[in-house]
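Coordinates as given in structure.csv (CSV, N, CA and C atoms):
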```csv
chain,number,residue,atom,x,y,z
D,1,MET,N,89.4,-160.9,102.2
D,1,MET,CA,89.1,-162.0,103.1
D,1,MET,C,88.1,-161.6,104.1
D,2,THR,N,87.1,-162.4,104.2
D,2,THR,CA,86.0,-162.1,105.2
D,2,THR,C,86.3,-162.7,106.5
D,3,VAL,N,86.1,-161.9,107.5
D,3,VAL,CA,86.4,-162.4,108.9
D,3,VAL,C,85.0,-162.5,109.6
D,4,MET,N,84.7,-163.7,110.1
D,4,MET,CA,83.5,-163.9,110.8
D,4,MET,C,83.7,-163.6,112.3
D,5,VAL,N,82.8,-162.7,112.8
D,5,VAL,CA,82.9,-162.3,114.2
D,5,VAL,C,81.7,-162.8,114.9
D,6,PRO,N,81.8,-163.6,116.0
D,6,PRO,CA,80.7,-164.1,116.7
D,6,PRO,C,79.9,-162.9,117.3
D,7,THR,N,78.6,-163.1,117.1
D,7,THR,CA,77.7,-162.0,117.7
D,7,THR,C,76.8,-162.7,118.8
D,8,ALA,N,76.2,-161.9,119.6
D,8,ALA,CA,75.3,-162.4,120.6
D,8,ALA,C,74.0,-162.9,120.0
D,9,ARG,N,73.6,-164.0,120.5
D,9,ARG,CA,72.3,-164.6,120.0
D,9,ARG,C,71.1,-163.7,120.5
D,10,PRO,N,70.2,-163.5,119.6
D,10,PRO,CA,69.0,-162.7,119.9
D,10,PRO,C,68.2,-163.5,120.9
D,11,THR,N,67.4,-162.8,121.7
D,11,THR,CA,66.5,-163.4,122.7
D,11,THR,C,65.1,-163.2,122.2
D,12,ALA,N,64.2,-164.1,122.6
D,12,ALA,CA,62.8,-164.0,122.2
D,12,ALA,C,62.0,-164.7,123.3
D,13,PRO,N,60.7,-164.3,123.4
D,13,PRO,CA,59.9,-165.0,124.4
D,13,PRO,C,59.8,-166.5,124.2
D,14,ARG,N,59.5,-167.3,125.2
D,14,ARG,CA,59.4,-168.7,125.1
D,14,ARG,C,58.4,-169.2,124.1
D,15,ARG,N,57.2,-168.6,124.1
D,15,ARG,CA,56.2,-169.0,123.1
D,15,ARG,C,56.6,-168.8,121.7
D,16,ASP,N,57.3,-167.7,121.4
D,16,ASP,CA,57.8,-167.4,120.1
D,16,ASP,C,58.9,-168.4,119.7
D,17,ARG,N,59.7,-168.8,120.7
D,17,ARG,CA,60.8,-169.7,120.4
D,17,ARG,C,60.3,-171.1,120.1
D,18,LEU,N,59.2,-171.5,120.8
D,18,LEU,CA,58.6,-172.8,120.5
D,18,LEU,C,58.0,-172.9,119.1
D,19,GLU,N,57.3,-171.8,118.7
D,19,GLU,CA,56.8,-171.8,117.3
D,19,GLU,C,57.9,-171.7,116.3
D,20,ALA,N,59.0,-170.9,116.6
D,20,ALA,CA,60.1,-170.8,115.7
D,20,ALA,C,60.9,-172.1,115.6
D,21,ALA,N,61.0,-172.8,116.7
D,21,ALA,CA,61.7,-174.1,116.6
D,21,ALA,C,61.0,-175.1,115.7
D,22,ALA,N,59.7,-175.2,115.9
D,22,ALA,CA,58.9,-176.1,115.1
D,22,ALA,C,59.0,-175.7,113.6
D,23,ALA,N,58.9,-174.4,113.3
D,23,ALA,CA,59.0,-173.9,112.0
D,23,ALA,C,60.4,-174.1,111.4
D,24,LEU,N,61.4,-173.9,112.1
D,24,LEU,CA,62.8,-174.1,111.6
D,24,LEU,C,63.0,-175.6,111.3
D,25,ALA,N,62.5,-176.5,112.2
D,25,ALA,CA,62.6,-177.9,111.9
D,25,ALA,C,61.9,-178.3,110.6
D,26,CYS,N,60.7,-177.7,110.4
D,26,CYS,CA,60.0,-178.0,109.1
D,26,CYS,C,60.7,-177.4,107.9
D,27,SER,N,61.3,-176.2,108.1
D,27,SER,CA,62.0,-175.6,107.0
D,27,SER,C,63.3,-176.4,106.6
D,28,LEU,N,64.0,-176.9,107.6
D,28,LEU,CA,65.2,-177.7,107.4
D,28,LEU,C,64.9,-179.0,106.8
D,29,ALA,N,63.7,-179.6,107.2
D,29,ALA,CA,63.3,-180.9,106.7
D,29,ALA,C,62.9,-180.7,105.2
D,30,ALA,N,62.4,-179.6,104.9
D,30,ALA,CA,61.9,-179.3,103.5
D,30,ALA,C,63.0,-178.8,102.6
D,31,SER,N,64.2,-178.5,103.1
D,31,SER,CA,65.2,-177.9,102.3
D,31,SER,C,65.7,-178.8,101.1
D,32,PRO,N,65.7,-180.1,101.2
D,32,PRO,CA,66.1,-180.9,100.1
D,32,PRO,C,65.0,-181.0,99.0
D,33,LEU,N,63.8,-180.6,99.3
D,33,LEU,CA,62.7,-180.7,98.3
D,33,LEU,C,62.9,-179.7,97.2
D,34,PRO,N,62.3,-180.0,96.1
D,34,PRO,CA,62.3,-179.0,95.0
D,34,PRO,C,61.6,-177.7,95.4
D,35,LEU,N,62.1,-176.6,94.8
D,35,LEU,CA,61.6,-175.3,95.2
D,35,LEU,C,60.1,-175.2,94.8
D,36,ARG,N,59.7,-175.8,93.7
D,36,ARG,CA,58.3,-175.7,93.3
D,36,ARG,C,57.4,-176.4,94.4
D,37,TRP,N,57.8,-177.4,95.1
D,37,TRP,CA,57.0,-178.0,96.1
D,37,TRP,C,56.9,-177.1,97.3
D,38,LYS,N,58.0,-176.5,97.7
D,38,LYS,CA,57.9,-175.5,98.8
D,38,LYS,C,57.0,-174.3,98.5
D,39,LEU,N,57.1,-173.9,97.3
D,39,LEU,CA,56.2,-172.7,96.8
D,39,LEU,C,54.8,-173.2,96.9
D,40,ALA,N,54.5,-174.4,96.4
D,40,ALA,CA,53.1,-174.9,96.5
D,40,ALA,C,52.6,-175.0,97.9
D,41,ALA,N,53.4,-175.4,98.8
D,41,ALA,CA,53.0,-175.5,100.2
D,41,ALA,C,52.7,-174.1,100.8
D,42,VAL,N,53.6,-173.1,100.5
D,42,VAL,CA,53.4,-171.7,100.9
D,42,VAL,C,52.2,-171.1,100.3
D,43,ARG,N,51.9,-171.5,99.1
D,43,ARG,CA,50.7,-171.0,98.4
D,43,ARG,C,49.4,-171.3,99.1
D,44,LEU,N,49.4,-172.4,99.9
D,44,LEU,CA,48.2,-172.8,100.6
D,44,LEU,C,47.8,-171.8,101.7
D,45,LEU,N,48.7,-170.9,102.0
D,45,LEU,CA,48.4,-169.9,103.1
D,45,LEU,C,47.6,-168.7,102.6
D,46,HIS,N,47.2,-168.7,101.3
D,46,HIS,CA,46.6,-167.5,100.7
D,46,HIS,C,45.4,-167.0,101.4
D,47,GLY,N,44.6,-167.8,102.1
D,47,GLY,CA,43.4,-167.4,102.8
D,47,GLY,C,43.6,-166.7,104.1
D,48,LEU,N,44.8,-166.8,104.7
D,48,LEU,CA,45.0,-166.2,106.0
D,48,LEU,C,45.2,-164.7,105.9
D,49,PRO,N,44.9,-164.0,106.9
D,49,PRO,CA,45.2,-162.5,106.9
D,49,PRO,C,46.6,-162.3,107.2
D,50,TYR,N,47.1,-161.2,106.7
D,50,TYR,CA,48.6,-160.8,106.9
D,50,TYR,C,48.9,-160.5,108.3
D,51,ALA,N,50.1,-160.9,108.8
D,51,ALA,CA,50.5,-160.6,110.1
D,51,ALA,C,51.0,-159.1,110.1
D,52,ARG,N,51.0,-158.5,111.3
D,52,ARG,CA,51.6,-157.2,111.5
D,52,ARG,C,53.1,-157.3,111.4
D,53,LEU,N,53.7,-156.2,111.0
D,53,LEU,CA,55.2,-156.1,110.8
D,53,LEU,C,55.9,-156.4,112.2
D,54,ALA,N,55.4,-155.9,113.3
D,54,ALA,CA,56.0,-156.1,114.6
D,54,ALA,C,56.0,-157.6,114.9
D,55,ARG,N,54.9,-158.3,114.6
D,55,ARG,CA,54.8,-159.7,114.9
D,55,ARG,C,55.8,-160.5,114.0
D,56,LEU,N,55.9,-160.1,112.7
D,56,LEU,CA,56.8,-160.8,111.8
D,56,LEU,C,58.2,-160.6,112.3
D,57,GLU,N,58.6,-159.4,112.7
D,57,GLU,CA,59.9,-159.1,113.3
D,57,GLU,C,60.2,-160.0,114.5
D,58,ALA,N,59.2,-160.1,115.4
D,58,ALA,CA,59.4,-160.9,116.6
D,58,ALA,C,59.6,-162.4,116.2
D,59,LEU,N,58.9,-162.9,115.3
D,59,LEU,CA,59.0,-164.3,114.9
D,59,LEU,C,60.4,-164.5,114.1
D,60,TYR,N,60.8,-163.5,113.3
D,60,TYR,CA,62.1,-163.6,112.7
D,60,TYR,C,63.2,-163.7,113.7
D,61,THR,N,63.1,-162.8,114.7
D,61,THR,CA,64.1,-162.8,115.8
D,61,THR,C,64.1,-164.1,116.6
D,62,ALA,N,62.9,-164.7,116.8
D,62,ALA,CA,62.8,-166.0,117.4
D,62,ALA,C,63.4,-167.1,116.6
D,63,VAL,N,63.3,-167.1,115.3
D,63,VAL,CA,63.9,-168.1,114.4
D,63,VAL,C,65.4,-167.9,114.5
D,64,LEU,N,65.9,-166.7,114.5
D,64,LEU,CA,67.4,-166.5,114.7
D,64,LEU,C,67.9,-167.0,116.0
D,65,ALA,N,67.0,-166.9,117.1
D,65,ALA,CA,67.4,-167.3,118.4
D,65,ALA,C,67.4,-168.8,118.6
D,66,VAL,N,66.7,-169.6,117.8
D,66,VAL,CA,66.6,-171.0,118.0
D,66,VAL,C,67.5,-171.8,117.0
D,67,ILE,N,68.4,-171.1,116.2
D,67,ILE,CA,69.3,-171.8,115.4
D,67,ILE,C,70.2,-172.6,116.2
D,68,PRO,N,70.3,-173.9,116.0
D,68,PRO,CA,71.1,-174.8,116.9
D,68,PRO,C,72.6,-174.5,116.6
D,69,SER,N,73.4,-174.4,117.6
D,69,SER,CA,74.9,-174.2,117.4
D,69,SER,C,75.5,-175.5,116.9
D,70,TRP,N,74.9,-176.6,117.1
D,70,TRP,CA,75.5,-177.9,116.7
D,70,TRP,C,75.2,-178.3,115.2
D,71,TRP,N,74.4,-177.5,114.6
D,71,TRP,CA,74.0,-177.8,113.2
D,71,TRP,C,75.2,-177.9,112.3
D,72,PRO,N,75.4,-179.0,111.6
D,72,PRO,CA,76.6,-179.3,110.8
D,72,PRO,C,76.7,-178.4,109.5
D,73,GLY,N,75.6,-178.0,109.0
D,73,GLY,CA,75.7,-177.2,107.8
D,73,GLY,C,75.3,-175.8,107.9
D,74,ARG,N,75.1,-175.1,106.8
D,74,ARG,CA,74.8,-173.7,106.8
D,74,ARG,C,73.3,-173.6,106.8
D,75,ILE,N,72.7,-172.7,107.5
D,75,ILE,CA,71.3,-172.3,107.5
D,75,ILE,C,71.2,-171.0,106.8
D,76,ALA,N,70.8,-171.0,105.5
D,76,ALA,CA,70.9,-169.8,104.7
D,76,ALA,C,69.6,-169.0,104.8
D,77,CYS,N,69.5,-167.9,104.0
D,77,CYS,CA,68.4,-167.0,104.0
D,77,CYS,C,67.1,-167.8,103.5
D,78,ALA,N,67.2,-168.7,102.6
D,78,ALA,CA,66.0,-169.4,102.2
D,78,ALA,C,65.4,-170.2,103.3
D,79,GLU,N,66.2,-170.9,104.1
D,79,GLU,CA,65.7,-171.7,105.2
D,79,GLU,C,65.1,-170.7,106.3
D,80,LEU,N,65.8,-169.7,106.6
D,80,LEU,CA,65.4,-168.7,107.7
D,80,LEU,C,64.1,-168.0,107.3
D,81,SER,N,64.0,-167.6,106.0
D,81,SER,CA,62.8,-166.9,105.6
D,81,SER,C,61.6,-167.8,105.5
D,82,LEU,N,61.8,-169.1,105.1
D,82,LEU,CA,60.7,-170.1,105.0
D,82,LEU,C,60.3,-170.4,106.5
D,83,ALA,N,61.2,-170.5,107.4
D,83,ALA,CA,60.9,-170.8,108.8
D,83,ALA,C,60.1,-169.6,109.3
D,84,THR,N,60.4,-168.4,109.0
D,84,THR,CA,59.6,-167.3,109.5
D,84,THR,C,58.2,-167.3,108.9
D,85,VAL,N,58.1,-167.6,107.6
D,85,VAL,CA,56.7,-167.7,107.0
D,85,VAL,C,55.9,-168.9,107.7
D,86,ILE,N,56.6,-170.0,108.0
D,86,ILE,CA,55.9,-171.1,108.6
D,86,ILE,C,55.5,-170.7,110.1
D,87,ALA,N,56.4,-170.1,110.8
D,87,ALA,CA,56.1,-169.6,112.2
D,87,ALA,C,54.9,-168.7,112.2
D,88,THR,N,54.9,-167.8,111.2
D,88,THR,CA,53.8,-166.9,111.1
D,88,THR,C,52.5,-167.6,110.8
D,89,ALA,N,52.5,-168.6,110.0
D,89,ALA,CA,51.3,-169.5,109.7
D,89,ALA,C,50.9,-170.2,110.9
D,90,LEU,N,51.8,-170.6,111.8
D,90,LEU,CA,51.4,-171.3,113.0
D,90,LEU,C,50.7,-170.4,114.0
D,91,THR,N,50.8,-169.1,113.8
D,91,THR,CA,50.0,-168.1,114.6
D,91,THR,C,48.7,-167.7,114.0
D,92,GLY,N,48.4,-168.3,112.8
D,92,GLY,CA,47.1,-168.0,112.1
D,92,GLY,C,47.2,-166.9,111.2
D,93,ARG,N,48.4,-166.4,110.8
D,93,ARG,CA,48.6,-165.3,109.9
D,93,ARG,C,49.5,-165.7,108.8
D,94,LYS,N,49.6,-164.8,107.8
D,94,LYS,CA,50.5,-165.2,106.7
D,94,LYS,C,51.5,-164.1,106.5
D,95,ALA,N,52.6,-164.4,105.8
D,95,ALA,CA,53.6,-163.5,105.3
D,95,ALA,C,54.0,-164.0,103.9
D,96,ARG,N,54.5,-163.1,103.1
D,96,ARG,CA,54.9,-163.6,101.7
D,96,ARG,C,56.4,-164.1,101.9
D,97,TRP,N,56.6,-165.1,101.1
D,97,TRP,CA,58.0,-165.6,101.0
D,97,TRP,C,58.5,-165.1,99.7
D,98,VAL,N,59.5,-164.2,99.7
D,98,VAL,CA,60.0,-163.5,98.6
D,98,VAL,C,61.4,-164.0,98.2
D,99,HIS,N,61.6,-164.2,97.0
D,99,HIS,CA,63.0,-164.5,96.4
D,99,HIS,C,63.4,-163.3,95.5
D,100,GLY,N,64.6,-162.8,95.7
D,100,GLY,CA,65.0,-161.7,94.9
D,100,GLY,C,66.4,-161.8,94.4
D,101,ALA,N,66.9,-160.8,93.7
D,101,ALA,CA,68.2,-160.8,93.1
D,101,ALA,C,68.7,-159.3,93.0
D,102,ARG,N,70.0,-159.2,92.8
D,102,ARG,CA,70.6,-157.9,92.5
D,102,ARG,C,71.8,-158.1,91.6
D,103,PHE,N,72.2,-157.0,91.1
D,103,PHE,CA,73.4,-157.0,90.1
D,103,PHE,C,74.6,-156.4,90.8
D,104,MET,N,75.7,-156.7,90.2
D,104,MET,CA,77.0,-156.2,90.5
D,104,MET,C,77.3,-156.2,92.0
D,105,PRO,N,77.8,-157.2,92.6
D,105,PRO,CA,77.9,-158.5,92.0
D,105,PRO,C,76.5,-159.2,92.0
D,106,HIS,N,76.4,-160.1,91.1
D,106,HIS,CA,75.1,-160.9,91.0
D,106,HIS,C,74.9,-161.7,92.3
D,107,ALA,N,73.8,-161.7,92.9
D,107,ALA,CA,73.5,-162.4,94.1
D,107,ALA,C,72.0,-162.7,94.2
D,108,ALA,N,71.6,-163.7,94.9
D,108,ALA,CA,70.2,-164.1,95.1
D,108,ALA,C,70.0,-164.1,96.6
D,109,HIS,N,68.8,-163.8,97.0
D,109,HIS,CA,68.4,-163.7,98.5
D,109,HIS,C,67.0,-164.0,98.7
D,110,ALA,N,66.6,-164.4,99.8
D,110,ALA,CA,65.2,-164.7,100.2
D,110,ALA,C,64.9,-164.0,101.5
D,111,TRP,N,63.6,-163.5,101.6
D,111,TRP,CA,63.2,-162.9,102.8
D,111,TRP,C,61.7,-163.0,103.0
D,112,ALA,N,61.2,-162.6,104.1
D,112,ALA,CA,59.7,-162.7,104.4
D,112,ALA,C,59.2,-161.2,104.5
D,113,GLU,N,58.0,-161.0,104.0
D,113,GLU,CA,57.5,-159.7,104.1
D,113,GLU,C,56.0,-159.7,104.2
D,114,VAL,N,55.5,-158.6,104.7
D,114,VAL,CA,54.0,-158.3,104.8
D,114,VAL,C,53.9,-156.9,104.1
D,115,PRO,N,52.6,-156.5,103.9
D,115,PRO,CA,52.4,-155.2,103.2
D,115,PRO,C,53.1,-154.0,104.0
D,116,GLU,N,53.3,-154.1,105.3
D,116,GLU,CA,53.9,-153.0,106.0
D,116,GLU,C,55.5,-153.0,105.9
D,117,GLY,N,56.1,-154.1,105.6
D,117,GLY,CA,57.5,-154.1,105.5
D,117,GLY,C,58.1,-155.5,105.4
D,118,ALA,N,59.4,-155.7,105.5
D,118,ALA,CA,60.0,-157.0,105.3
D,118,ALA,C,61.0,-157.2,106.5
D,119,VAL,N,61.3,-158.5,106.7
D,119,VAL,CA,62.4,-158.9,107.6
D,119,VAL,C,63.4,-159.8,106.8
D,120,GLY,N,64.6,-159.6,107.1
D,120,GLY,CA,65.7,-160.4,106.5
D,120,GLY,C,66.1,-160.0,105.1
D,121,ARG,N,65.5,-158.9,104.6
D,121,ARG,CA,65.9,-158.4,103.3
D,121,ARG,C,67.1,-157.5,103.3
D,122,ASP,N,67.2,-156.5,104.2
D,122,ASP,CA,68.3,-155.6,104.2
D,122,ASP,C,69.3,-156.2,105.2
D,123,ILE,N,70.3,-156.9,104.6
D,123,ILE,CA,71.3,-157.5,105.4
D,123,ILE,C,72.5,-156.6,105.7
D,124,GLY,N,72.4,-155.3,105.2
D,124,GLY,CA,73.4,-154.3,105.5
D,124,GLY,C,74.7,-154.4,104.7
D,125,ASP,N,74.8,-155.3,103.7
D,125,ASP,CA,76.0,-155.4,103.0
D,125,ASP,C,76.1,-154.4,101.8
D,126,ALA,N,75.0,-153.8,101.4
D,126,ALA,CA,75.1,-152.9,100.3
D,126,ALA,C,73.8,-152.1,100.2
D,127,VAL,N,73.8,-150.9,100.7
D,127,VAL,CA,72.6,-150.1,100.7
D,127,VAL,C,72.4,-149.5,99.3
D,128,ASP,N,73.4,-149.4,98.5
D,128,ASP,CA,73.3,-148.8,97.2
D,128,ASP,C,72.9,-149.8,96.1
D,129,ARG,N,72.8,-151.0,96.5
D,129,ARG,CA,72.4,-152.1,95.5
D,129,ARG,C,71.2,-152.8,96.1
D,130,PRO,N,70.0,-152.3,96.0
D,130,PRO,CA,68.9,-153.0,96.7
D,130,PRO,C,68.5,-154.3,96.0
D,131,TRP,N,67.8,-155.1,96.8
D,131,TRP,CA,67.3,-156.4,96.3
D,131,TRP,C,66.0,-156.1,95.5
D,132,MET,N,65.9,-156.8,94.3
D,132,MET,CA,64.7,-156.7,93.5
D,132,MET,C,63.9,-158.0,93.7
D,133,PRO,N,62.7,-157.9,94.1
D,133,PRO,CA,61.9,-159.1,94.2
D,133,PRO,C,61.6,-159.7,92.9
D,134,VAL,N,61.8,-161.0,92.8
D,134,VAL,CA,61.6,-161.8,91.6
D,134,VAL,C,60.4,-162.7,91.7
D,135,LEU,N,60.2,-163.3,92.8
D,135,LEU,CA,59.1,-164.2,93.1
D,135,LEU,C,58.6,-164.0,94.5
D,136,ALA,N,57.3,-163.9,94.6
D,136,ALA,CA,56.7,-163.8,96.0
D,136,ALA,C,55.5,-164.7,96.1
D,137,GLU,N,55.4,-165.5,97.1
D,137,GLU,CA,54.3,-166.4,97.4
D,137,GLU,C,53.8,-166.2,98.8
D,138,PRO,N,52.6,-166.3,99.2
D,138,PRO,CA,51.4,-166.3,98.3
D,138,PRO,C,51.0,-164.9,97.9
```
Step by step, read the file and then write its structure as structure tokens.
Amino acid sequence: MTVMVPTARPTAPRRDRLEAAAALACSLAASPLPLRWKLAAVRLLHGLPYARLARLEALYTAVLAVIPSWWPGRIACAELSLATVIATALTGRKARWVHGARFMPHAAHAWAEVPEGAVGRDIGDAVDRPWMPVLAEP
């Protein structure tokens, strides 16, 4: 049985929270759309330069900070990672939106990454079973 323990909300600067809130709203609005449409939209960012890892981490923290407590559903890794990619694009930079999988037990996951590293990938549940990237855009 899994026990959910409430944790403290991360904090982020106001400017990052504004970008993250707009990006999370876009991500949640796009969540019912087919995956191929979301991938096509992210593919449009290919001309932008990559963000630095520290900036990506700051934006990911800001996205986590602006998750509304009143949201009736679950905001999963796909929505959080897409929101991070959108927030990065709002700053004039890009990050890859990566979908991956692992075995035993079979699971799927999504995260954002730049050439320097990734955010949201290592969720700490199994260090001996790493995530294998399956699809990355752009």
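For stretch 84-93 of chain D, the list of residues within 6 Å, based on only N, CA and C atoms and with local chain neighbours fewer than 3 positions off taken out, reads Glu19, Ala20, Ala23, Leu48, Pro49, Tyr50, Ala51, Leu59, Tyr60, Glu79, Leu80 and Ser81 of chain D.
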Check which residues of stretch 54-111 of chain D sit at most 7 Å from stretch 131-136 of chain D using only N, CA and C atoms, and return one row each with the closest pair of atoms and their distance in Å to one decimal, ordered by chain and rising number, as a Markdown table.
```
| residue | atom | partner | partner_atom | distance |
| --- | --- | --- | --- | --- |
| D:Arg96 | CA | D:Ala136 | C | 5.7 |
| D:Trp97 | C | D:Ala136 | CA | 4.3 |
| D:Val98 | CA | D:Ala136 | CA | 4.2 |
| D:His99 | C | D:Val134 | N | 3.9 |
| D:Gly100 | CA | D:Val134 | N | 3.9 |
| D:Ala101 | C | D:Met132 | N | 4.0 |
| D:Arg102 | N | D:Met132 | N | 5.0 |
```
Output of the above residues as a PDB file, keeping the file's coordinate frame, restricted to N, CA and C atoms:
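Generated file (selection_22.pdb):
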```
ATOM      1  N   ARG D  96      54.500-163.100 103.100  1.00  0.00           N
ATOM      2  CA  ARG D  96      54.900-163.600 101.700  1.00  0.00           C
ATOM      3  C   ARG D  96      56.400-164.100 101.900  1.00  0.00           C
ATOM      4  N   TRP D  97      56.600-165.100 101.100  1.00  0.00           N
ATOM      5  CA  TRP D  97      58.000-165.600 101.000  1.00  0.00           C
ATOM      6  C   TRP D  97      58.500-165.100  99.700  1.00  0.00           C
ATOM      7  N   VAL D  98      59.500-164.200  99.700  1.00  0.00           N
ATOM      8  CA  VAL D  98      60.000-163.500  98.600  1.00  0.00           C
ATOM      9  C   VAL D  98      61.400-164.000  98.200  1.00  0.00           C
ATOM     10  N   HIS D  99      61.600-164.200  97.000  1.00  0.00           N
ATOM     11  CA  HIS D  99      63.000-164.500  96.400  1.00  0.00           C
ATOM     12  C   HIS D  99      63.400-163.300  95.500  1.00  0.00           C
ATOM     13  N   GLY D 100      64.600-162.800  95.700  1.00  0.00           N
ATOM     14  CA  GLY D 100      65.000-161.700  94.900  1.00  0.00           C
ATOM     15  C   GLY D 100      66.400-161.800  94.400  1.00  0.00           C
ATOM     16  N   ALA D 101      66.900-160.800  93.700  1.00  0.00           N
ATOM     17  CA  ALA D 101      68.200-160.800  93.100  1.00  0.00           C
ATOM     18  C   ALA D 101      68.700-159.300  93.000  1.00  0.00           C
ATOM     19  N   ARG D 102      70.000-159.200  92.800  1.00  0.00           N
ATOM     20  CA  ARG D 102      70.600-157.900  92.500  1.00  0.00           C
ATOM     21  C   ARG D 102      71.800-158.100  91.600  1.00  0.00           C
TER      22      ARG D 102
END
```
(request) List every residue of stretch 10-127 of chain D that DSSP, applied to the backbone of this structure, assigns to strand (DSSP E), and report them as a list of chain:residue names. (result) D:Arg96, D:Trp97, D:Val98, D:His99, D:Gly100, D:Ala101, D:Arg102, D:Ala107, D:Ala108, D:His109, D:Ala110, D:Trp111, D:Ala112, D:Glu113, D:Val114, D:Gly117, D:Ala118, D:Val119
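Across the structure, atom C of D:Leu24 and atom C of D:Cys77 are spaced 11.8 Å apart.
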(request) Tell me, in Å to one decimal, how far atom C of D:Arg17 is from atom N of D:Ala62. (result) 7.7 Å
(message) Please determine, counting only N, CA and C atoms, which residue among D:His106, D:Arg129, D:Arg121, D:Lys94 has the shortest atom-to-atom distance to D:Gly47.
(response)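 Among the listed residues, D:Lys94 lies closest to D:Gly47.
Coordinates place atom CA of D:Trp37 at a distance of 13.2 Å from atom CA of D:Pro138.
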(request) From a DSSP pass on the backbone, collect the residues of chain D flagged as helix (DSSP H, G or I) and hand them back as a ChimeraX atom specification. (result) /D:14-30,35-47,53-65,77-90
(message) Could you check the closest approach to D:Leu28 for each of D:Pro68, D:Arg14, D:Trp111, D:Arg9 and tell me which residue wins, using only C-alpha atoms?
(response) D:Pro68
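Residue nearest D:Glu116 within the list D:Ala83, D:Trp71, D:Glu57, D:Leu64: D:Glu57 [criterion: smallest interatomic distance, only C-alpha atoms].
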(request) Using only C-alpha atoms, find the one residue out of D:Ala58, D:Ala107, D:Ala118, D:Ala78 that sits nearest to D:Leu39. (result)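 So, comparing all the options, the nearest one is D:Ala78.
With all atoms listed in the file as the atoms that count, the minimum distance from D:Leu53 to the choices D:Ala30, D:Leu82, D:Pro115, D:Glu137 is reached by D:Pro115.
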